[in-house]
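Chemist: Got my_file01.cif for you, mmCIF, C-alpha atoms:
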```
data_input
#
loop_
_atom_site.group_PDB
_atom_site.id
_atom_site.type_symbol
_atom_site.label_atom_id
_atom_site.label_comp_id
_atom_site.auth_asym_id
_atom_site.auth_seq_id
_atom_site.Cartn_x
_atom_site.Cartn_y
_atom_site.Cartn_z
ATOM 1 C CA MET A 1 17.210 37.978 -90.030
ATOM 2 C CA LYS A 2 17.263 39.547 -93.472
ATOM 3 C CA LEU A 3 17.959 38.190 -96.927
ATOM 4 C CA LYS A 4 20.198 40.471 -99.003
ATOM 5 C CA ILE A 5 19.218 40.212 -102.645
ATOM 6 C CA GLY A 6 20.564 41.914 -105.748
ATOM 7 C CA LEU A 7 18.101 43.056 -108.401
ATOM 8 C CA PRO A 8 19.348 43.951 -111.899
ATOM 9 C CA LYS A 9 19.670 47.667 -112.542
ATOM 10 C CA GLY A 10 19.327 48.835 -116.129
ATOM 11 C CA SER A 11 17.503 47.099 -118.962
ATOM 12 C CA LEU A 12 15.965 44.387 -116.757
ATOM 13 C CA GLN A 13 15.024 46.687 -113.891
ATOM 14 C CA GLU A 14 11.428 47.574 -114.779
ATOM 15 C CA ALA A 15 10.576 44.031 -115.907
ATOM 16 C CA THR A 16 11.958 42.677 -112.623
ATOM 17 C CA LEU A 17 10.038 45.142 -110.463
ATOM 18 C CA ASP A 18 6.864 44.357 -112.403
ATOM 19 C CA ILE A 19 7.249 40.620 -111.773
ATOM 20 C CA PHE A 20 7.792 41.253 -108.062
ATOM 21 C CA ARG A 21 4.566 43.263 -108.006
ATOM 22 C CA ARG A 22 2.628 40.512 -109.777
ATOM 23 C CA ALA A 23 4.099 38.016 -107.318
ATOM 24 C CA GLY A 24 2.405 39.976 -104.525
ATOM 25 C CA PHE A 25 5.084 42.417 -103.361
ATOM 26 C CA SER A 26 4.688 46.173 -103.131
ATOM 27 C CA ILE A 27 8.015 47.448 -104.411
ATOM 28 C CA SER A 28 9.143 50.877 -105.601
ATOM 29 C CA VAL A 29 12.357 52.782 -106.246
ATOM 30 C CA ARG A 30 12.932 56.430 -105.397
ATOM 31 C CA GLU A 31 14.708 58.524 -108.016
ATOM 32 C CA ARG A 32 18.500 58.021 -107.920
ATOM 33 C CA SER A 33 18.153 55.387 -105.188
ATOM 34 C CA TYR A 34 19.760 51.962 -105.350
ATOM 35 C CA PHE A 35 17.696 50.554 -102.484
ATOM 36 C CA PRO A 36 14.069 49.709 -103.405
ATOM 37 C CA ASN A 37 11.314 49.964 -100.813
ATOM 38 C CA ILE A 38 9.545 46.625 -100.380
ATOM 39 C CA ASP A 39 6.754 45.522 -98.052
ATOM 40 C CA ASP A 40 8.700 42.510 -96.774
ATOM 41 C CA GLU A 41 10.838 43.249 -93.732
ATOM 42 C CA GLU A 42 12.818 40.061 -94.310
ATOM 43 C CA LEU A 43 14.095 41.206 -97.718
ATOM 44 C CA GLU A 44 16.856 43.757 -98.238
ATOM 45 C CA PRO A 45 16.972 44.440 -102.001
ATOM 46 C CA MET A 46 19.658 46.423 -103.794
ATOM 47 C CA LEU A 47 19.875 47.478 -107.434
ATOM 48 C CA ILE A 48 23.146 46.372 -109.045
ATOM 49 C CA ARG A 49 24.215 45.825 -112.643
ATOM 50 C CA ALA A 50 23.360 42.282 -113.697
ATOM 51 C CA GLN A 51 26.981 41.717 -114.756
ATOM 52 C CA GLU A 52 28.168 42.252 -111.166
ATOM 53 C CA ILE A 53 25.555 40.219 -109.317
ATOM 54 C CA PRO A 54 27.136 36.734 -109.754
ATOM 55 C CA GLY A 55 30.408 37.942 -108.217
ATOM 56 C CA TYR A 56 28.746 39.587 -105.227
ATOM 57 C CA VAL A 57 26.589 36.493 -104.630
ATOM 58 C CA SER A 58 29.578 34.157 -104.924
ATOM 59 C CA ASP A 59 31.573 36.280 -102.455
ATOM 60 C CA GLY A 60 28.695 36.327 -99.945
ATOM 61 C CA VAL A 61 28.167 40.094 -100.117
ATOM 62 C CA LEU A 62 24.657 39.167 -101.292
ATOM 63 C CA ASP A 63 22.691 36.099 -100.244
ATOM 64 C CA ALA A 64 20.869 35.913 -103.570
ATOM 65 C CA GLY A 65 20.302 37.779 -106.807
ATOM 66 C CA LEU A 66 18.590 37.879 -110.171
ATOM 67 C CA THR A 67 20.884 37.916 -113.170
ATOM 68 C CA GLY A 68 21.239 36.407 -116.613
ATOM 69 C CA LYS A 69 22.681 32.981 -117.358
ATOM 70 C CA ASP A 70 25.076 34.845 -119.652
ATOM 71 C CA TRP A 71 26.632 36.784 -116.771
ATOM 72 C CA ILE A 72 26.921 33.660 -114.643
ATOM 73 C CA GLU A 73 28.868 32.011 -117.460
ATOM 74 C CA GLU A 74 30.921 35.132 -118.122
ATOM 75 C CA SER A 75 31.940 35.591 -114.484
ATOM 76 C CA GLY A 76 32.979 31.956 -114.069
ATOM 77 C CA VAL A 77 32.047 31.992 -110.366
ATOM 78 C CA SER A 78 30.376 29.235 -108.381
ATOM 79 C CA VAL A 79 26.797 29.953 -107.277
ATOM 80 C CA LYS A 80 23.633 27.943 -106.688
ATOM 81 C CA GLU A 81 21.080 28.344 -109.483
ATOM 82 C CA VAL A 82 17.731 28.156 -107.700
ATOM 83 C CA ALA A 83 15.211 28.964 -110.442
ATOM 84 C CA GLU A 84 15.002 29.877 -114.101
ATOM 85 C CA LEU A 85 12.823 32.935 -114.658
ATOM 86 C CA ALA A 86 12.202 33.172 -118.388
ATOM 87 C CA TYR A 87 11.773 36.892 -118.901
ATOM 88 C CA SER A 88 13.729 39.686 -120.546
ATOM 89 C CA LYS A 89 13.402 43.456 -120.851
ATOM 90 C CA LYS A 90 10.928 43.144 -123.729
ATOM 91 C CA GLY A 91 8.965 40.064 -122.815
ATOM 92 C CA PHE A 92 9.160 36.454 -121.850
ATOM 93 C CA THR A 93 11.477 34.919 -124.426
ATOM 94 C CA PRO A 94 15.164 34.055 -123.996
ATOM 95 C CA VAL A 95 17.840 36.336 -125.417
ATOM 96 C CA ARG A 96 20.734 35.178 -127.602
ATOM 97 C CA TRP A 97 24.394 36.067 -127.842
ATOM 98 C CA VAL A 98 25.335 35.683 -131.474
ATOM 99 C CA LEU A 99 28.449 35.910 -133.596
ATOM 100 C CA ALA A 100 27.889 38.359 -136.445
ATOM 101 C CA VAL A 101 29.947 39.718 -139.324
ATOM 102 C CA PRO A 102 29.322 42.302 -142.063
ATOM 103 C CA GLU A 103 27.100 41.104 -144.905
ATOM 104 C CA SER A 104 30.064 41.563 -147.259
ATOM 105 C CA SER A 105 32.435 39.484 -145.126
ATOM 106 C CA ARG A 106 33.840 36.205 -146.418
ATOM 107 C CA ILE A 107 33.647 34.716 -142.928
ATOM 108 C CA ARG A 108 31.016 31.946 -142.879
ATOM 109 C CA THR A 109 32.022 29.809 -139.891
ATOM 110 C CA ALA A 110 34.045 30.034 -136.695
ATOM 111 C CA ALA A 111 37.104 28.791 -138.590
ATOM 112 C CA GLY A 112 37.101 32.003 -140.614
ATOM 113 C CA LEU A 113 37.832 34.035 -137.480
ATOM 114 C CA LYS A 114 41.473 32.932 -137.352
ATOM 115 C CA GLY A 115 43.638 35.991 -136.790
ATOM 116 C CA LYS A 116 40.607 38.319 -136.761
ATOM 117 C CA ARG A 117 39.442 40.857 -134.177
ATOM 118 C CA ILE A 118 36.163 40.320 -132.322
ATOM 119 C CA ALA A 119 34.457 43.025 -130.233
ATOM 120 C CA THR A 120 32.097 42.018 -127.435
ATOM 121 C CA GLU A 121 31.035 42.607 -123.858
ATOM 122 C CA LEU A 122 30.990 38.834 -123.316
ATOM 123 C CA VAL A 123 34.762 38.339 -123.489
ATOM 124 C CA ASN A 124 35.259 35.123 -121.520
ATOM 125 C CA VAL A 125 32.370 33.260 -123.153
ATOM 126 C CA THR A 126 33.695 34.314 -126.556
ATOM 127 C CA LYS A 127 37.206 33.116 -125.713
ATOM 128 C CA ASN A 128 35.794 29.763 -124.572
ATOM 129 C CA TYR A 129 33.879 29.506 -127.850
ATOM 130 C CA LEU A 130 37.040 30.122 -129.869
ATOM 131 C CA LYS A 131 38.948 27.601 -127.770
ATOM 132 C CA LYS A 132 36.258 25.005 -128.399
ATOM 133 C CA HIS A 133 36.596 25.584 -132.151
ATOM 134 C CA ARG A 134 40.418 25.691 -131.927
ATOM 135 C CA VAL A 135 40.575 29.167 -133.394
ATOM 136 C CA LYS A 136 43.046 31.853 -132.350
ATOM 137 C CA ALA A 137 41.633 35.363 -132.640
ATOM 138 C CA GLU A 138 41.802 38.654 -130.743
ATOM 139 C CA VAL A 139 38.860 39.344 -128.427
ATOM 140 C CA GLU A 140 38.488 42.891 -127.146
ATOM 141 C CA PHE A 141 36.012 44.278 -124.640
ATOM 142 C CA SER A 142 33.425 46.591 -126.155
ATOM 143 C CA TRP A 143 32.102 49.468 -124.056
ATOM 144 C CA GLY A 144 29.026 49.879 -126.249
ATOM 145 C CA ALA A 145 27.789 50.599 -129.778
ATOM 146 C CA THR A 146 29.218 47.193 -130.682
ATOM 147 C CA GLU A 147 27.115 46.829 -133.850
ATOM 148 C CA ALA A 148 28.770 49.931 -135.321
ATOM 149 C CA LYS A 149 32.329 48.621 -135.030
ATOM 150 C CA PRO A 150 32.565 46.281 -138.062
ATOM 151 C CA PRO A 151 34.275 46.475 -140.433
ATOM 152 C CA GLU A 152 36.583 49.372 -139.474
ATOM 153 C CA LEU A 153 37.140 48.615 -135.775
ATOM 154 C CA ALA A 154 36.435 44.880 -135.693
ATOM 155 C CA ASP A 155 36.052 41.972 -138.105
ATOM 156 C CA ALA A 156 33.208 40.422 -136.123
ATOM 157 C CA ILE A 157 31.165 40.956 -132.984
ATOM 158 C CA VAL A 158 29.460 38.826 -130.360
ATOM 159 C CA GLU A 159 26.320 40.693 -129.359
ATOM 160 C CA LEU A 160 23.116 40.217 -127.398
ATOM 161 C CA ILE A 161 19.940 40.170 -129.484
ATOM 162 C CA GLU A 162 16.227 39.735 -128.873
ATOM 163 C CA THR A 163 14.810 40.307 -132.366
ATOM 164 C CA GLY A 164 17.935 40.824 -134.482
ATOM 165 C CA SER A 165 16.594 44.077 -135.955
ATOM 166 C CA SER A 166 19.606 46.094 -134.781
ATOM 167 C CA LEU A 167 22.018 43.757 -136.557
ATOM 168 C CA LYS A 168 20.052 44.030 -139.780
ATOM 169 C CA ALA A 169 20.037 47.806 -139.502
ATOM 170 C CA HIS A 170 23.849 47.715 -139.369
ATOM 171 C CA ASN A 171 24.100 45.240 -142.274
ATOM 172 C CA LEU A 172 25.399 42.439 -140.088
ATOM 173 C CA ARG A 173 24.890 38.724 -140.685
ATOM 174 C CA ILE A 174 24.617 36.086 -137.932
ATOM 175 C CA ILE A 175 26.871 33.070 -138.394
ATOM 176 C CA ASP A 176 26.448 31.302 -135.040
ATOM 177 C CA THR A 177 24.792 31.419 -131.612
ATOM 178 C CA LEU A 178 27.142 31.235 -128.625
ATOM 179 C CA LEU A 179 24.640 31.293 -125.785
ATOM 180 C CA ILE A 180 20.897 31.355 -125.120
ATOM 181 C CA SER A 181 20.238 33.150 -121.861
ATOM 182 C CA THR A 182 17.357 33.601 -119.437
ATOM 183 C CA THR A 183 17.161 35.299 -116.057
ATOM 184 C CA ARG A 184 18.114 33.120 -113.088
ATOM 185 C CA LEU A 185 17.551 33.374 -109.355
ATOM 186 C CA ILE A 186 20.922 32.503 -107.841
ATOM 187 C CA ALA A 187 22.117 32.042 -104.267
ATOM 188 C CA ASN A 188 25.350 32.071 -102.340
ATOM 189 C CA LYS A 189 26.105 28.430 -101.492
ATOM 190 C CA GLU A 190 26.731 29.143 -97.809
ATOM 191 C CA SER A 191 23.526 31.191 -97.549
ATOM 192 C CA PHE A 192 21.620 28.389 -99.284
ATOM 193 C CA GLY A 193 22.885 26.035 -96.591
ATOM 194 C CA ASN A 194 21.140 28.140 -93.946
ATOM 195 C CA LYS A 195 17.660 26.690 -93.365
ATOM 196 C CA TRP A 196 15.877 30.055 -92.988
ATOM 197 C CA LYS A 197 17.593 31.685 -95.965
ATOM 198 C CA ARG A 198 17.114 28.640 -98.179
ATOM 199 C CA GLU A 199 13.381 28.555 -97.478
ATOM 200 C CA LYS A 200 13.109 32.306 -98.073
ATOM 201 C CA ILE A 201 14.960 32.040 -101.404
ATOM 202 C CA GLU A 202 12.948 29.013 -102.543
ATOM 203 C CA ASN A 203 9.676 30.707 -101.600
ATOM 204 C CA LEU A 204 10.693 33.778 -103.568
ATOM 205 C CA GLY A 205 11.539 31.650 -106.598
ATOM 206 C CA MET A 206 8.173 29.905 -106.354
ATOM 207 C CA LEU A 207 6.242 33.196 -106.251
ATOM 208 C CA LEU A 208 8.184 34.815 -109.096
ATOM 209 C CA ASN A 209 7.811 31.746 -111.298
ATOM 210 C CA GLY A 210 4.115 31.642 -110.443
ATOM 211 C CA ALA A 211 3.742 35.224 -111.652
ATOM 212 C CA LEU A 212 5.507 34.362 -114.917
ATOM 213 C CA LEU A 213 3.401 31.240 -115.503
ATOM 214 C CA ALA A 214 0.224 33.306 -115.055
ATOM 215 C CA GLU A 215 1.229 35.737 -117.810
ATOM 216 C CA GLY A 216 -1.260 35.612 -120.681
ATOM 217 C CA LYS A 217 -3.501 33.046 -118.970
ATOM 218 C CA VAL A 218 -7.013 33.241 -117.520
ATOM 219 C CA GLY A 219 -9.135 31.033 -115.317
ATOM 220 C CA LEU A 220 -12.462 29.704 -116.615
ATOM 221 C CA LYS A 221 -15.390 28.539 -114.468
ATOM 222 C CA MET A 222 -18.686 27.208 -115.725
ATOM 223 C CA ASN A 223 -21.694 25.110 -114.763
ATOM 224 C CA VAL A 224 -22.379 22.070 -116.908
ATOM 225 C CA PRO A 225 -25.288 19.595 -116.992
ATOM 226 C CA ASP A 226 -23.934 16.085 -116.535
ATOM 227 C CA SER A 227 -25.447 15.058 -119.850
ATOM 228 C CA LYS A 228 -23.139 17.576 -121.593
ATOM 229 C CA LEU A 229 -20.024 17.057 -119.426
ATOM 230 C CA LYS A 230 -18.178 14.699 -121.779
ATOM 231 C CA LYS A 231 -18.706 17.052 -124.724
ATOM 232 C CA ILE A 232 -17.559 20.088 -122.704
ATOM 233 C CA LEU A 233 -14.376 18.334 -121.577
ATOM 234 C CA SER A 234 -13.552 17.447 -125.174
ATOM 235 C CA VAL A 235 -13.709 21.164 -126.089
ATOM 236 C CA LEU A 236 -11.785 22.390 -123.065
ATOM 237 C CA PRO A 237 -7.959 22.456 -123.067
ATOM 238 C CA ALA A 238 -6.208 22.528 -119.716
ATOM 239 C CA MET A 239 -2.779 22.985 -118.213
ATOM 240 C CA LYS A 240 -3.525 19.752 -116.390
ATOM 241 C CA ALA A 241 -6.878 17.961 -116.082
ATOM 242 C CA PRO A 242 -9.830 20.346 -115.542
ATOM 243 C CA THR A 243 -11.307 20.385 -112.045
ATOM 244 C CA VAL A 244 -14.802 18.917 -111.967
ATOM 245 C CA SER A 245 -16.945 19.118 -108.815
ATOM 246 C CA ARG A 246 -20.575 18.321 -108.049
ATOM 247 C CA LEU A 247 -23.075 21.143 -107.603
ATOM 248 C CA SER A 248 -25.804 21.014 -105.001
ATOM 249 C CA GLY A 249 -28.391 20.955 -107.774
ATOM 250 C CA LYS A 250 -29.236 17.567 -109.261
ATOM 251 C CA ASP A 251 -27.296 16.386 -112.335
ATOM 252 C CA TRP A 252 -25.010 19.447 -112.608
ATOM 253 C CA SER A 253 -21.250 19.888 -112.210
ATOM 254 C CA ALA A 254 -18.889 22.847 -111.890
ATOM 255 C CA VAL A 255 -15.878 22.825 -114.205
ATOM 256 C CA GLU A 256 -12.779 24.969 -113.696
ATOM 257 C CA THR A 257 -9.524 25.229 -115.637
ATOM 258 C CA ILE A 258 -6.765 27.550 -116.837
ATOM 259 C CA VAL A 259 -6.236 28.442 -120.491
ATOM 260 C CA ASP A 260 -4.283 30.906 -122.590
ATOM 261 C CA GLU A 261 -6.115 34.224 -122.840
ATOM 262 C CA ARG A 262 -6.191 34.036 -126.640
ATOM 263 C CA THR A 263 -7.583 30.493 -126.439
ATOM 264 C CA ALA A 264 -10.365 31.633 -124.110
ATOM 265 C CA ARG A 265 -11.859 33.996 -126.684
ATOM 266 C CA ASP A 266 -12.099 31.155 -129.188
ATOM 267 C CA ILE A 267 -13.512 28.444 -126.946
ATOM 268 C CA ILE A 268 -16.011 30.387 -124.806
ATOM 269 C CA PRO A 269 -18.586 30.505 -127.653
ATOM 270 C CA LYS A 270 -17.982 26.782 -128.291
ATOM 271 C CA LEU A 271 -18.485 25.993 -124.607
ATOM 272 C CA LYS A 272 -21.736 27.951 -124.577
ATOM 273 C CA ARG A 273 -23.016 26.102 -127.645
ATOM 274 C CA ALA A 274 -21.956 22.780 -126.111
ATOM 275 C CA GLY A 275 -24.187 23.402 -123.095
ATOM 276 C CA ALA A 276 -22.061 25.252 -120.517
ATOM 277 C CA GLN A 277 -23.817 27.946 -118.470
ATOM 278 C CA GLY A 278 -22.679 30.706 -116.110
ATOM 279 C CA ILE A 279 -19.265 30.919 -117.774
ATOM 280 C CA ILE A 280 -16.837 33.162 -115.881
ATOM 281 C CA GLY A 281 -13.403 34.249 -117.095
ATOM 282 C CA TYR A 282 -11.068 35.811 -114.538
ATOM 283 C CA PRO A 283 -7.473 37.117 -114.568
ATOM 284 C CA LEU A 284 -4.621 35.342 -112.813
ATOM 285 C CA ASN A 285 -1.592 36.815 -111.065
ATOM 286 C CA LYS A 286 0.087 33.557 -110.005
ATOM 287 C CA VAL A 287 0.031 29.909 -111.068
ATOM 288 C CA ILE A 288 1.832 27.534 -108.697
ATOM 289 C CA TYR A 289 2.240 23.858 -109.488
#
```
Take the structure I supplied and represent it as structure tokens, if you would.
Modeler:
Amino acid sequence: MKLKIGLPKGSLQEATLDIFRRAGFSISVRERSYFPNIDDEELEPMLIRAQEIPGYVSDGVLDAGLTGKDWIEESGVSVKEVAELAYSKKGFTPVRWVLAVPESSRIRTAAGLKGKRIATELVNVTKNYLKKHRVKAEVEFSWGATEAKPPELADAIVELIETGSSLKAHNLRIIDTLLISTTRLIANKESFGNKWKREKIENLGMLLNGALLAEGKVGLKMNVPDSKLKKILSVLPAMKAPTVSRLSGKDWSAVETIVDERTARDIIPKLKRAGAQGIIGYPLNKVIY
């Protein structure tokens, strides 16, 4: 049995492949190919635009897929959201769909959009936003270069941003946020009802999330005399409680924990001064709770 899974082609592609690699998979894509090679015979991955993945998963063409929350909302289809994977093409922060107008515009709130023209790729979400605010306006699909359309081709836009620098470069001002989106692992509901496929999908979600949780973190190990243990533990932050175990030598313990990489550089000297010995810092590729 194989699990057919859609991976986002385009801006999220490289970030997605990188997370799969850090989760323990060997995965690669030949030039101009839509079918990645992966060292798991039970997975059948295919590269598809993120916008299309919810529809294919809902229809059962795919058993599962990785796509944005924005495209799930935009498609309006029914799928099972298995895991939230908080990464984007430039890092590990959510992206935002915002309503923006020219700096010179008199529009300050959603009410000011009455009778105006809005350009966006996120048409259905935008229409739902206007309906919620009881505003009638024209929403047209934008094929690209959306930021360049106001004021000549549109009065406002709804656009995806990560830093907002592109909007500023086009002299656009944000007046509201419509949607905050992260990547999701989704499944076809019938496929998720199959015991084998459900376990395979859940295992995949666990491994991918573990790779994301390990980003920017390191493991720390050290030996500590029992007389200094209380002081060491007061210095040492931890994702949960540090692991403390007895050493074979008399009156010594081994302490192990996980910390942010930037935190490690600050506390290692403090740990040494507090009495820790044999301090080891090591990289992580997965953290599973």
Chemist: Which residue is closest to Leu17 of chain A? Choose from A:Asn37, A:Asn203, A:Asn188, A:Thr182 and count all atoms listed in the file.
Modeler: A:Asn37
Chemist: Would you please work out which residue, of A:Ile175, A:Glu162, A:Asp39, A:Leu3, is nearest to Gly112 of chain A when using only C-alpha atoms?
Modeler: A:Ile175
Chemist: Give me the segment 91-120 of chain A side of the contact with segment 52-76 of chain A, cut-off 12 Å, one line per residue showing its nearest atom pair and distance in Å at one decimal, counting only C-alpha atoms, sorted by chain and residue number, as JSON lines.
Modeler:
```
{"residue": "A:Pro94", "atom": "CA", "partner": "A:Gly68", "partner_atom": "CA", "distance": 9.8}
{"residue": "A:Val95", "atom": "CA", "partner": "A:Asp70", "partner_atom": "CA", "distance": 9.4}
{"residue": "A:Arg96", "atom": "CA", "partner": "A:Asp70", "partner_atom": "CA", "distance": 9.1}
{"residue": "A:Trp97", "atom": "CA", "partner": "A:Asp70", "partner_atom": "CA", "distance": 8.3}
{"residue": "A:Val98", "atom": "CA", "partner": "A:Asp70", "partner_atom": "CA", "distance": 11.9}
{"residue": "A:Thr120", "atom": "CA", "partner": "A:Glu74", "partner_atom": "CA", "distance": 11.6}
```
Chemist: Out of A:Ala276, A:Ala169, A:Val123, A:Ala86, which residue has the shortest atom-to-atom distance to Glu103 of chain A when counting all atoms listed in the file?
Modeler: A:Ala169
Chemist: Please write as JSON, numbers by chain the full residue list that the PyMOL selection byres ((chain A and resi 113) around 10) yields on this file.
Modeler: {"A": [101, 107, 108, 109, 110, 111, 112, 114, 115, 116, 117, 118, 130, 135, 136, 137, 138, 155, 156]}
Chemist: Starting from the shown file, work through the PyMOL selection byres ((chain A and resi 171) around 10) and note down what comes out as a list in words.
Modeler: Ala100, Val101, Pro102, Glu103, Ser104, Glu147, Ala148, Pro150, Ser165, Ser166, Leu167, Lys168, Ala169, His170, Leu172 and Arg173 of chain A
Chemist: When distances are computed from only C-alpha atoms, which of A:Ala187, A:Thr126, A:Ile288, A:Leu7 shows the smallest separation from Val77 of chain A?
Modeler: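 Of A:Ala187, A:Thr126, A:Ile288, A:Leu7, the one nearest Val77 of chain A, counting only C-alpha atoms, is A:Ala187.
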Chemist: Let me have the centre and edge lengths of the axis-aligned box enclosing all listed atoms of segment 217-233 of chain A with 3 Å padding on every side, in Å to one decimal, as JSON.
Modeler:
```
{"center_x": -14.5, "center_y": 24.0, "center_z": -119.6, "size_x": 27.9, "size_y": 24.5, "size_z": 16.3}
```
Chemist: Mind checking which residues fall within 8 Å of segment 42-46 of chain A, counting all atoms listed in the file, ignoring those fewer than 6 positions away in the same chain, and posting them as an MDAnalysis selection string?
Modeler: chainID A and resid 1:7 34:36
Chemist: Just want the 9 Å neighbourhood of Ala211 of chain A, counted on all atoms listed in the file, with same-chain residues fewer than 3 positions away dropped. Output as a ChimeraX atom specification.
Modeler: /A:19-24,206-208,214-215,284-288
Chemist: If we count all atoms listed in the file and set the cut-off at 7 Å, which residues sit around segment 221-226 of chain A, ignoring sequence neighbours fewer than 2 positions away in its own chain? Please answer as a list in words.
Modeler: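 Result of the neighbour search: Gly219, Lys228, Leu229, Asp251, Trp252, Ser253, Ala254, Val255, Glu256, Thr257, Gly275, Ala276, Gln277, Gly278, Ile279, Ile280 and Gly281 of chain A.
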Chemist: How would the residues just chosen look if you wrote them out with C-alpha atoms as a compact mmCIF listing (two decimals), keeping the file's coordinate frame?
Modeler:
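selection-v4.txt, written as the output of this step:
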```txt
# COMPACT_ATOMS: atom_id res chain seq x y z
CA GLY A 219 -9.14 31.03 -115.32
CA LYS A 228 -23.14 17.58 -121.59
CA LEU A 229 -20.02 17.06 -119.43
CA ASP A 251 -27.30 16.39 -112.34
CA TRP A 252 -25.01 19.45 -112.61
CA SER A 253 -21.25 19.89 -112.21
CA ALA A 254 -18.89 22.85 -111.89
CA VAL A 255 -15.88 22.82 -114.20
CA GLU A 256 -12.78 24.97 -113.70
CA THR A 257 -9.52 25.23 -115.64
CA GLY A 275 -24.19 23.40 -123.10
CA ALA A 276 -22.06 25.25 -120.52
CA GLN A 277 -23.82 27.95 -118.47
CA GLY A 278 -22.68 30.71 -116.11
CA ILE A 279 -19.26 30.92 -117.77
CA ILE A 280 -16.84 33.16 -115.88
CA GLY A 281 -13.40 34.25 -117.10
```
Chemist: By how many Å are atom CA of Ile27 of chain A and atom CA of Ile48 of chain A apart?
Modeler: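 The value is 15.9 Å.
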Chemist: Need to verify the contact set: segment 234-238 of chain A, 9 Å, all atoms listed in the file, exclusion of same-chain residues closer than 3 positions in sequence. Can you return it as a list in words?
Modeler: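 My reading of the contact set: Leu229, Lys230, Lys231, Ala241, Pro242, Thr257, Ile258, Val259, Thr263, Ile267, Lys270, Leu271 and Ala274 of chain A.
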Chemist: Emit the selected residues as a tab-separated table (two decimals), in the frame of the given file, including C-alpha atoms.
Modeler:
```tsv
chain	number	residue	atom	x	y	z
A	229	LEU	CA	-20.02	17.06	-119.43
A	230	LYS	CA	-18.18	14.70	-121.78
A	231	LYS	CA	-18.71	17.05	-124.72
A	241	ALA	CA	-6.88	17.96	-116.08
A	242	PRO	CA	-9.83	20.35	-115.54
A	257	THR	CA	-9.52	25.23	-115.64
A	258	ILE	CA	-6.76	27.55	-116.84
A	259	VAL	CA	-6.24	28.44	-120.49
A	263	THR	CA	-7.58	30.49	-126.44
A	267	ILE	CA	-13.51	28.44	-126.95
A	270	LYS	CA	-17.98	26.78	-128.29
A	271	LEU	CA	-18.48	25.99	-124.61
A	274	ALA	CA	-21.96	22.78	-126.11
```
Chemist: Return the single residue from A:Tyr282, A:Ile201, A:Arg30, A:Gly216 that is closest to Ile186 of chain A, with distances computed using all atoms listed in the file.
Modeler: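 Of A:Tyr282, A:Ile201, A:Arg30, A:Gly216, the one nearest Ile186 of chain A is A:Ile201, counting all atoms listed in the file.
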Chemist: Could you check how far atom CA of Val158 of chain A sits from atom CA of Lys132 of chain A, in Å to one decimal?
Modeler: 15.5 Å
Chemist: Work out how far atom CA of Leu99 of chain A is from atom CA of Asp176 of chain A, in Å to one decimal.
Modeler: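 Rounded to one decimal, the two atoms are 5.2 Å apart.
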Chemist: Using all atoms listed in the file, which of the listed residues (A:Leu160, A:Leu85, A:Ala119, A:Ala154) sits closest to Phe141 of chain A?
Modeler: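 Between A:Leu160, A:Leu85, A:Ala119, A:Ala154, the residue approaching Phe141 of chain A most closely is A:Ala119.
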Chemist: On this structure, the PyMOL selection byres ((chain A and resi 9) around 7) would catch which residues? List them as a ChimeraX atom specification, sorted by chain and number.
Modeler: /A:7-8,10-13,47-50
Chemist: Could you model N, CA, C and O atoms for segment 112-119 of chain A and present them as a compact mmCIF listing (two decimals), in the frame of the given file?
Modeler:
```txt
# COMPACT_ATOMS: atom_id res chain seq x y z
N GLY A 112 36.71 30.81 -139.88
CA GLY A 112 37.10 32.00 -140.61
C GLY A 112 37.55 33.15 -139.73
O GLY A 112 38.01 34.18 -140.22
N LEU A 113 37.45 32.98 -138.42
CA LEU A 113 37.83 34.03 -137.48
C LEU A 113 39.32 34.02 -137.15
O LEU A 113 39.80 34.89 -136.43
N LYS A 114 40.05 33.05 -137.66
CA LYS A 114 41.47 32.93 -137.35
C LYS A 114 42.21 34.24 -137.67
O LYS A 114 42.15 34.76 -138.78
N GLY A 115 42.87 34.77 -136.62
CA GLY A 115 43.64 35.99 -136.79
C GLY A 115 42.81 37.26 -136.85
O GLY A 115 43.36 38.35 -137.05
N LYS A 116 41.49 37.15 -136.66
CA LYS A 116 40.61 38.32 -136.76
C LYS A 116 40.40 38.97 -135.39
O LYS A 116 40.80 38.45 -134.35
N ARG A 117 39.75 40.13 -135.40
CA ARG A 117 39.44 40.86 -134.18
C ARG A 117 37.94 40.81 -133.92
O ARG A 117 37.14 41.12 -134.81
N ILE A 118 37.58 40.44 -132.70
CA ILE A 118 36.16 40.32 -132.32
C ILE A 118 35.88 41.28 -131.17
O ILE A 118 36.60 41.27 -130.16
N ALA A 119 34.86 42.09 -131.29
CA ALA A 119 34.46 43.02 -130.23
C ALA A 119 33.22 42.49 -129.52
O ALA A 119 32.28 42.04 -130.17
```
